[in-house]
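What follows is work_23.cif (mmCIF, C-alpha atoms).
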data_my_file
loop_
_atom_site.label_atom_id
_atom_site.label_comp_id
_atom_site.auth_asym_id
_atom_site.auth_seq_id
_atom_site.Cartn_x
_atom_site.Cartn_y
_atom_site.Cartn_z
CA MET A 664 -24.38 9.90 4.64
CA THR A 665 -24.00 8.73 1.08
CA SER A 666 -20.85 6.80 0.55
CA GLN A 667 -18.90 8.02 -2.45
CA THR A 668 -17.38 5.41 -4.62
CA ILE A 669 -13.86 5.34 -5.81
CA THR A 670 -13.08 4.16 -9.31
CA SER A 671 -9.76 2.70 -10.31
CA THR A 672 -8.32 1.88 -13.69
CA VAL A 673 -4.93 0.87 -14.97
CA GLU A 674 -3.70 2.76 -18.03
CA ASN A 675 -0.96 1.45 -20.25
CA ASP A 676 -0.36 -1.27 -17.69
CA ARG A 677 1.65 1.06 -15.53
CA VAL A 678 -0.49 3.99 -14.49
CA LEU A 679 -2.93 3.49 -11.64
CA VAL A 680 -5.75 6.03 -11.80
CA LEU A 681 -8.10 6.59 -8.90
CA GLU A 682 -11.04 8.97 -9.06
CA ARG A 683 -13.44 10.21 -6.48
CA GLU A 684 -15.87 13.05 -6.03
CA PHE A 685 -16.11 15.24 -2.97
CA ASN A 686 -18.86 17.59 -1.87
CA ALA A 687 -16.60 20.56 -1.37
CA PRO A 688 -15.33 23.42 -3.52
CA ARG A 689 -12.10 22.87 -5.39
CA GLU A 690 -10.07 25.44 -3.46
CA LEU A 691 -10.90 23.73 -0.20
CA VAL A 692 -10.01 20.26 -1.49
CA PHE A 693 -6.73 21.60 -2.79
CA ARG A 694 -5.89 23.11 0.59
CA MET A 695 -6.32 19.69 2.17
CA PHE A 696 -3.19 18.61 0.32
CA LYS A 697 -1.28 21.81 0.69
CA GLU A 698 -1.45 22.50 4.40
CA ALA A 699 0.16 20.27 6.99
CA ASP A 700 -2.46 21.08 9.62
CA HIS A 701 -5.13 19.70 7.31
CA LEU A 702 -3.13 16.72 6.08
CA LYS A 703 -2.65 15.52 9.64
CA HIS A 704 -6.38 15.05 9.94
CA TRP A 705 -6.88 12.63 7.12
CA TRP A 706 -3.66 11.45 5.48
CA GLY A 707 -3.23 8.37 7.68
CA PRO A 708 -5.19 5.23 6.75
CA GLN A 709 -7.68 3.78 9.25
CA GLY A 710 -6.07 3.47 12.66
CA TRP A 711 -2.96 5.43 11.66
CA GLU A 712 -2.20 8.93 12.91
CA VAL A 713 0.14 11.47 11.40
CA PRO A 714 2.35 12.73 14.24
CA VAL A 715 4.85 14.38 11.91
CA CYS A 716 3.97 16.28 8.75
CA LYS A 717 6.30 18.93 7.35
CA VAL A 718 5.32 20.61 4.14
CA ASP A 719 7.38 22.92 1.97
CA PHE A 720 4.80 23.46 -0.70
CA ARG A 721 6.63 24.63 -3.82
CA PRO A 722 8.17 22.87 -6.82
CA GLY A 723 11.26 21.06 -5.57
CA GLY A 724 10.08 21.41 -1.97
CA VAL A 725 9.93 18.43 0.36
CA TRP A 726 7.00 16.93 2.21
CA HIS A 727 8.11 14.62 5.01
CA TYR A 728 5.64 12.74 7.13
CA CYS A 729 5.28 9.93 9.59
CA MET A 730 2.29 7.64 9.91
CA LYS A 731 1.93 5.76 13.16
CA CYS A 732 -0.42 2.92 13.93
CA VAL A 733 -2.48 3.70 17.02
CA ASP A 734 -5.03 0.92 16.63
CA LYS A 735 -4.46 -2.01 19.01
CA ASN A 736 -6.64 -4.16 16.79
CA GLN A 737 -4.05 -4.02 14.05
CA GLY A 738 -1.86 -6.45 15.95
CA ASP A 739 1.78 -6.27 14.96
CA PHE A 740 1.29 -2.94 13.27
CA PHE A 741 0.31 -1.30 16.54
CA GLY A 742 2.99 1.25 17.44
CA MET A 743 4.70 1.01 14.11
CA GLU A 744 5.86 4.07 12.26
CA SER A 745 6.06 4.43 8.53
CA TRP A 746 7.90 7.40 7.09
CA GLY A 747 7.22 8.86 3.69
CA LYS A 748 8.76 11.62 1.69
CA GLY A 749 7.33 13.52 -1.23
CA VAL A 750 9.18 15.88 -3.51
CA TYR A 751 6.91 18.36 -5.24
CA GLY A 752 6.98 18.89 -8.97
CA GLU A 753 4.58 21.05 -10.90
CA ILE A 754 2.02 22.96 -8.85
CA ILE A 755 -0.87 24.84 -10.41
CA GLU A 756 -3.11 25.99 -7.62
CA PRO A 757 -5.91 24.92 -7.31
CA GLU A 758 -5.96 22.61 -10.33
CA LYS A 759 -3.01 20.34 -10.18
CA MET A 760 -0.10 19.15 -8.12
CA VAL A 761 2.60 16.62 -8.86
CA TYR A 762 4.87 14.92 -6.40
CA THR A 763 7.18 11.94 -6.30
CA ASP A 764 6.42 9.68 -3.37
CA TYR A 765 9.25 7.78 -1.69
CA PHE A 766 9.56 5.46 1.25
CA SER A 767 11.91 7.14 3.69
CA ASP A 768 13.17 7.13 7.26
CA ALA A 769 12.84 9.61 10.11
CA GLU A 770 15.84 11.56 8.83
CA GLY A 771 14.30 11.90 5.40
CA ASN A 772 16.68 9.50 3.67
CA VAL A 773 14.96 7.91 0.72
CA ASN A 774 14.76 4.14 0.62
CA GLU A 775 16.11 3.42 -2.85
CA GLU A 776 15.13 -0.23 -2.71
CA LEU A 777 11.44 0.46 -2.64
CA PRO A 778 9.67 1.87 -5.63
CA ALA A 779 9.09 5.57 -5.99
CA THR A 780 5.79 6.68 -7.46
CA GLU A 781 5.09 9.81 -9.41
CA VAL A 782 1.67 11.04 -8.35
CA THR A 783 -0.33 13.64 -10.24
CA LEU A 784 -3.41 15.00 -8.53
CA LEU A 785 -5.97 16.80 -10.64
CA PHE A 786 -8.73 18.82 -9.01
CA VAL A 787 -11.70 19.16 -11.33
CA ASP A 788 -14.36 21.73 -10.48
CA LEU A 789 -17.74 20.08 -11.09
CA GLY A 790 -19.72 23.17 -10.10
CA GLY A 791 -22.16 23.31 -7.21
CA SER A 792 -19.31 23.03 -4.71
CA ARG A 793 -18.35 19.62 -5.92
CA THR A 794 -14.89 18.50 -6.91
CA LYS A 795 -13.57 15.46 -8.66
CA LEU A 796 -10.15 14.36 -7.56
CA ILE A 797 -8.10 12.32 -9.98
CA ASN A 798 -5.04 10.60 -8.67
CA ARG A 799 -2.67 9.25 -11.32
CA ALA A 800 0.21 7.19 -10.00
CA VAL A 801 2.97 6.27 -12.41
CA TYR A 802 5.26 3.53 -11.29
CA GLY A 803 8.79 4.40 -12.22
CA SER A 804 11.40 1.69 -11.83
CA ALA A 805 11.51 -1.38 -13.99
CA GLU A 806 10.64 -3.58 -11.04
CA SER A 807 7.67 -1.63 -9.81
CA LEU A 808 6.51 -1.23 -13.35
CA GLN A 809 6.61 -4.98 -13.73
CA THR A 810 4.60 -5.43 -10.58
CA VAL A 811 1.95 -3.01 -11.65
CA LEU A 812 2.01 -4.67 -15.02
CA ASP A 813 1.42 -8.04 -13.37
CA MET A 814 -1.37 -6.56 -11.35
CA GLY A 815 -2.93 -4.84 -14.31
CA MET A 816 -2.90 -7.91 -16.48
CA LEU A 817 -4.30 -10.23 -13.89
CA GLN A 818 -7.96 -9.50 -13.61
CA GLY A 819 -9.19 -9.32 -10.09
CA ILE A 820 -5.79 -9.19 -8.52
CA THR A 821 -6.79 -6.13 -6.52
CA GLU A 822 -9.60 -8.08 -4.96
CA THR A 823 -7.17 -10.87 -4.29
CA TRP A 824 -4.93 -8.50 -2.41
CA GLU A 825 -7.83 -7.18 -0.45
CA ARG A 826 -8.87 -10.67 0.41
CA LEU A 827 -5.31 -11.54 1.31
CA ASN A 828 -5.22 -8.47 3.47
CA GLU A 829 -8.31 -9.54 5.36
CA ARG A 830 -6.95 -12.99 5.81
CA LEU A 831 -3.65 -11.63 7.04
CA GLU A 832 -5.55 -9.95 9.82
CA SER A 833 -6.62 -13.35 11.01
CA LEU A 834 -3.06 -14.69 10.81
CA LYS A 835 -2.02 -12.60 13.79
CA MET B 962 5.78 3.68 22.50
CA SER B 963 8.74 1.66 23.71
CA GLY B 964 11.88 1.66 21.65
CA ASP B 965 11.39 -1.96 20.65
CA TYR B 966 9.98 -1.02 17.33
CA LYS B 967 11.86 0.97 14.81
CA GLY B 968 8.76 0.69 12.76
CA ILE B 969 7.81 -0.51 9.41
CA ASP B 970 11.09 0.68 7.97
CA LYS B 971 12.75 -2.03 9.95
CA GLY B 972 10.37 -4.61 8.56
CA ILE B 973 10.99 -3.36 5.08
CA ASP B 974 14.75 -3.46 5.52
CA LYS B 975 14.46 -7.01 6.68
CA GLY B 976 12.36 -7.67 3.66
CA ILE B 977 15.03 -6.45 1.32
CA ASP B 978 17.65 -8.63 2.94
CA LYS B 979 15.49 -11.62 2.33
CA GLY B 980 14.46 -10.43 -1.06
CA ILE B 981 10.79 -10.00 -0.29
CA ASP B 982 8.81 -6.92 -1.32
CA MET B 983 8.65 -6.66 -5.08
CA THR B 984 9.60 -10.23 -5.80
CA ALA B 985 6.97 -11.48 -3.40
CA LEU B 986 4.33 -9.56 -5.21
CA SER B 987 5.40 -11.00 -8.53
CA ALA B 988 5.63 -14.44 -6.99
CA LEU B 989 2.04 -14.23 -5.85
CA ALA B 990 0.74 -12.87 -9.11
CA GLU B 991 0.37 -16.46 -10.27
CA PRO B 992 -2.84 -18.31 -9.41
CA ASN B 993 -1.23 -21.62 -8.39
CA ARG B 994 1.18 -19.87 -6.06
CA MET B 995 -1.61 -17.80 -4.57
CA GLN B 996 -3.50 -21.04 -3.93
CA ILE B 997 -0.47 -22.55 -2.26
CA VAL B 998 -0.29 -19.56 0.06
CA GLU B 999 -3.96 -19.89 0.89
CA LEU B 1000 -3.47 -23.57 1.61
CA LEU B 1001 -0.50 -22.93 3.87
CA ARG B 1002 -2.55 -20.52 5.94
CA GLU B 1003 -4.08 -23.59 7.55
CA GLY B 1004 -0.70 -24.92 8.56
CA PRO B 1005 2.62 -26.31 7.28
CA LEU B 1006 2.53 -28.97 4.56
CA THR B 1007 4.90 -31.13 2.54
CA VAL B 1008 5.33 -30.81 -1.22
CA GLY B 1009 3.40 -34.02 -1.73
CA GLU B 1010 0.46 -32.82 0.32
CA ILE B 1011 0.38 -29.50 -1.51
CA ALA B 1012 0.52 -31.21 -4.91
CA ASP B 1013 -2.32 -33.54 -3.90
CA ARG B 1014 -4.55 -30.85 -2.52
CA LEU B 1015 -4.18 -28.63 -5.57
CA GLY B 1016 -4.13 -31.40 -8.17
CA LEU B 1017 -0.65 -30.44 -9.37
CA ARG B 1018 2.16 -32.74 -10.37
CA GLN B 1019 4.87 -32.79 -7.73
CA PRO B 1020 7.58 -31.22 -9.93
CA GLN B 1021 5.20 -28.38 -10.70
CA ALA B 1022 4.44 -27.85 -7.04
CA SER B 1023 8.16 -27.92 -6.26
CA LYS B 1024 8.81 -25.29 -8.89
CA HIS B 1025 6.18 -22.96 -7.45
CA LEU B 1026 7.43 -23.56 -3.94
CA LYS B 1027 10.93 -22.67 -4.99
CA VAL B 1028 9.73 -19.31 -6.33
CA LEU B 1029 7.79 -18.67 -3.13
CA SER B 1030 10.75 -19.63 -1.01
CA ASP B 1031 13.25 -17.56 -3.05
CA SER B 1032 11.03 -14.53 -2.67
CA GLY B 1033 10.71 -15.06 1.08
CA VAL B 1034 7.01 -15.81 1.17
CA VAL B 1035 7.46 -19.33 2.55
CA GLU B 1036 10.21 -21.05 4.44
CA VAL B 1037 11.18 -24.68 4.40
CA THR B 1038 12.39 -26.95 7.17
CA ALA B 1039 13.72 -30.46 6.81
CA GLU B 1040 12.18 -33.08 9.04
CA ALA B 1041 13.63 -36.56 8.63
CA ASN B 1042 13.55 -36.96 4.85
CA ARG B 1043 10.60 -34.65 4.36
CA ARG B 1044 10.63 -30.99 3.50
CA ILE B 1045 7.93 -29.00 5.26
CA TYR B 1046 6.77 -25.67 3.89
CA LYS B 1047 5.20 -22.92 5.93
CA LEU B 1048 4.35 -19.23 5.57
CA ARG B 1049 6.80 -16.67 6.84
CA SER B 1050 4.78 -14.18 8.83
CA GLU B 1051 7.48 -11.49 8.49
CA SER B 1052 7.05 -11.49 4.77
CA PHE B 1053 3.41 -10.67 5.18
CA LEU B 1054 4.07 -7.73 7.42
CA THR B 1055 6.36 -6.20 4.83
CA PHE B 1056 3.92 -7.13 2.28
CA GLN B 1057 0.94 -5.66 3.93
CA SER B 1058 2.67 -2.33 4.27
CA TRP B 1059 3.43 -2.50 0.58
CA VAL B 1060 -0.06 -3.48 -0.38
CA LYS B 1061 -1.35 -0.67 1.77
CA SER B 1062 0.37 1.76 -0.49
CA PHE B 1063 -1.91 0.74 -3.29
CA ARG B 1064 -5.56 1.34 -3.76
CA HIS B 1065 -6.60 0.41 -0.25
CA VAL B 1066 -4.71 3.18 1.45
CA TRP B 1067 -6.16 5.75 -0.91
CA GLU B 1068 -9.67 4.49 -0.31
CA GLU B 1069 -9.22 5.00 3.38
CA ARG B 1070 -7.66 8.39 2.88
CA PHE B 1071 -10.42 9.55 0.61
CA ASP B 1072 -12.99 8.43 3.15
CA ASN B 1073 -11.15 10.39 5.81
CA LEU B 1074 -10.88 13.41 3.57
CA ASP B 1075 -14.56 13.21 2.76
CA ASN B 1076 -15.49 13.16 6.45
CA TYR B 1077 -13.03 15.89 7.27
CA LEU B 1078 -14.37 18.13 4.52
CA ARG B 1079 -17.89 17.64 5.84
CA GLU B 1080 -16.76 18.63 9.29
CA LEU B 1081 -14.97 21.72 8.08
CA GLN B 1082 -17.87 22.86 5.97
CA SER B 1083 -20.47 22.31 8.65
CA LYS B 1084 -18.36 24.43 11.02
CA ASP B 1085 -18.18 27.18 8.42
CA ASN B 1086 -21.91 27.17 8.04
CA GLN B 1087 -22.59 27.61 11.72
#
Mind converting the file's structure to structure tokens?
Amino acid sequence: MTSQTITSTVENDRVLVLEREFNAPRELVFRMFKEADHLKHWWGPQGWEVPVCKVDFRPGGVWHYCMKCVDKNQGDFFGMESWGKGVYGEIIEPEKMVYTDYFSDAEGNVNEELPATEVTLLFVDLGGSRTKLINRAVYGSAESLQTVLDMGMLQGITETWERLNERLESLK
Amino acid sequence: MSGDYKGIDKGIDKGIDKGIDMTALSALAEPNRMQIVELLREGPLTVGEIADRLGLRQPQASKHLKVLSDSGVVEVTAEANRRIYKLRSESFLTFQSWVKSFRHVWEERFDNLDNYLRELQSKDNQ
């Protein structure tokens, strides 16, 4: 299995762009984001399942999901739930979808204190059943913008976070 | 799961009360402060010890420690006439969930998606 690489860049100090290619036709990749039954299979990070995933896939519709840590090796995270809420914006199937991503609770109340992110996903047909996925995340509030700005200006900060992350594992 | 955990939301709420989350990220986006955090991973230290180890002047170290303490990354306890600094583990939990929302979480997701797409397509071909 060849491991595909992800590329990330920061545009204008406030837009985080991630790109990755998949060996699958564009329509199929798009459906992975559109259908709850598919999302449940991959949306959670390593060791996190998606027990709740409700999708109302239309502009203005809400996507409400819960990620739960089921990995005992993740220490204090084990058993934790993290709720997220997306509100869909523009949808052009199968090329593009936009949603605003919020931290939320089980009732779907948005946590106003934590930064919302506007995410644009572009599905580029590369031919030969390959698709490039471009994820553009724009950080909205002044505070989150500042953070991304800090991160963008400090070279290598991403690696620092990753290193910090690894080290945090050992703190438990 | 027992009802002990209300989940990450709880951790995040706690974070807001103490002013961690965004401010902690900004606080750590400074190399000296990041080094202080790395140093404190080994155990609590006084301002003097931190200044010595990092080759900082004490007022400088104090200034950085104040930022870290205001943003909830470290906590300070007084022992006799010394002030001892240590990492607050709660802040890192909040923090990690925040950091996860960045690149890392997408890397993992894309890996999952990649595997899942393979699975789906191999089923279709059978």
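Here atom CA of Arg683 of chain A stands at a distance of 20.6 Å from atom CA of Ser1083 of chain B.
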Fill in: Expected selection from the PyMOL selection byres ((chain A and resi 720-730) around 8), given as a VMD selection string
chain A and resid 697 707 711 to 719 731 to 732 744 to 754 769 771
Discussion item. For this structure, which residues satisfy the selection - the PyMOL selection byres ((chain B and resi 1036-1039) around 10) - when it is evaluated on the file as given? I want them as a list in words.
Written reply: Pro1005, Leu1006, Thr1007, Leu1026, Lys1027, Leu1029, Ser1030, Asp1031, Ser1032, Gly1033, Val1034, Val1035, Glu1040, Ala1041, Asn1042, Arg1043, Arg1044, Ile1045, Tyr1046, Lys1047, Leu1048, Arg1049 and Ser1050 of chain B
Can you write just those residues out, C-alpha atoms, as a short mmCIF file (atom, residue, chain, number, x, y, z; two decimals), in the frame of the given file?
data_model
loop_
_atom_site.label_atom_id
_atom_site.label_comp_id
_atom_site.auth_asym_id
_atom_site.auth_seq_id
_atom_site.Cartn_x
_atom_site.Cartn_y
_atom_site.Cartn_z
CA PRO B 1005 2.62 -26.31 7.28
CA LEU B 1006 2.53 -28.97 4.56
CA THR B 1007 4.90 -31.13 2.54
CA LEU B 1026 7.43 -23.56 -3.94
CA LYS B 1027 10.93 -22.67 -4.99
CA LEU B 1029 7.79 -18.67 -3.13
CA SER B 1030 10.75 -19.63 -1.01
CA ASP B 1031 13.25 -17.56 -3.05
CA SER B 1032 11.03 -14.53 -2.67
CA GLY B 1033 10.71 -15.06 1.08
CA VAL B 1034 7.01 -15.81 1.17
CA VAL B 1035 7.46 -19.33 2.55
CA GLU B 1040 12.18 -33.08 9.04
CA ALA B 1041 13.63 -36.56 8.63
CA ASN B 1042 13.55 -36.96 4.85
CA ARG B 1043 10.60 -34.65 4.36
CA ARG B 1044 10.63 -30.99 3.50
CA ILE B 1045 7.93 -29.00 5.26
CA TYR B 1046 6.77 -25.67 3.89
CA LYS B 1047 5.20 -22.92 5.93
CA LEU B 1048 4.35 -19.23 5.57
CA ARG B 1049 6.80 -16.67 6.84
CA SER B 1050 4.78 -14.18 8.83
#
Practice prompt. Identify, on the basis of only C-alpha atoms, every residue whose closest approach to Ser1023 of chain B does not exceed 9 Å; exclude the query and any residue fewer than 5 positions from it along the same chain; express the result as a list of chain:residue names.
Written response: B:Val1008, B:Gly1009, B:Ala1012, B:Arg1018, B:Val1028
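Across the model, the gap from atom CA of Leu1074 of chain B to atom CA of Phe693 of chain A is 11.2 Å.
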Fill in: Shortest interatomic distance to Arg689 of chain A - which of B:Leu1000, B:Pro1020, B:Arg994, B:Leu1078, counting only C-alpha atoms
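Of B:Leu1000, B:Pro1020, B:Arg994, B:Leu1078, the one nearest Arg689 of chain A, counting only C-alpha atoms, is B:Leu1078.
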Practice prompt. Would you work out the distance separating atom CA of Arg694 of chain A from atom CA of Arg1070 of chain B, expressed in Å to one decimal?
Written response: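 Computing the Euclidean distance for atom CA of Arg694 of chain A and atom CA of Arg1070 of chain B yields 15.0 Å.
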Worksheet entry | Answer key for the PyMOL selection byres ((chain A and resi 788-794) around 12), residues as a ChimeraX atom specification | /A:682-693,757-759,785-787,795-797 /B:1075,1078-1079,1082
Could you write out that same residue set with C-alpha atoms as an mmCIF file, keeping the file's coordinate frame?
data_model
loop_
_atom_site.group_PDB
_atom_site.id
_atom_site.type_symbol
_atom_site.label_atom_id
_atom_site.label_comp_id
_atom_site.auth_asym_id
_atom_site.auth_seq_id
_atom_site.Cartn_x
_atom_site.Cartn_y
_atom_site.Cartn_z
ATOM 1 C CA GLU A 682 -11.040 8.970 -9.060
ATOM 2 C CA ARG A 683 -13.440 10.210 -6.480
ATOM 3 C CA GLU A 684 -15.870 13.050 -6.030
ATOM 4 C CA PHE A 685 -16.110 15.240 -2.970
ATOM 5 C CA ASN A 686 -18.860 17.590 -1.870
ATOM 6 C CA ALA A 687 -16.600 20.560 -1.370
ATOM 7 C CA PRO A 688 -15.330 23.420 -3.520
ATOM 8 C CA ARG A 689 -12.100 22.870 -5.390
ATOM 9 C CA GLU A 690 -10.070 25.440 -3.460
ATOM 10 C CA LEU A 691 -10.900 23.730 -0.200
ATOM 11 C CA VAL A 692 -10.010 20.260 -1.490
ATOM 12 C CA PHE A 693 -6.730 21.600 -2.790
ATOM 13 C CA PRO A 757 -5.910 24.920 -7.310
ATOM 14 C CA GLU A 758 -5.960 22.610 -10.330
ATOM 15 C CA LYS A 759 -3.010 20.340 -10.180
ATOM 16 C CA LEU A 785 -5.970 16.800 -10.640
ATOM 17 C CA PHE A 786 -8.730 18.820 -9.010
ATOM 18 C CA VAL A 787 -11.700 19.160 -11.330
ATOM 19 C CA LYS A 795 -13.570 15.460 -8.660
ATOM 20 C CA LEU A 796 -10.150 14.360 -7.560
ATOM 21 C CA ILE A 797 -8.100 12.320 -9.980
ATOM 22 C CA ASP B 1075 -14.560 13.210 2.760
ATOM 23 C CA LEU B 1078 -14.370 18.130 4.520
ATOM 24 C CA ARG B 1079 -17.890 17.640 5.840
ATOM 25 C CA GLN B 1082 -17.870 22.860 5.970
#
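Minimum atom-to-atom distances from A:Ile755, A:Val733, A:Val773, A:Met743 to chain B were compared using all atoms listed in the file, and the lowest value belongs to A:Met743.
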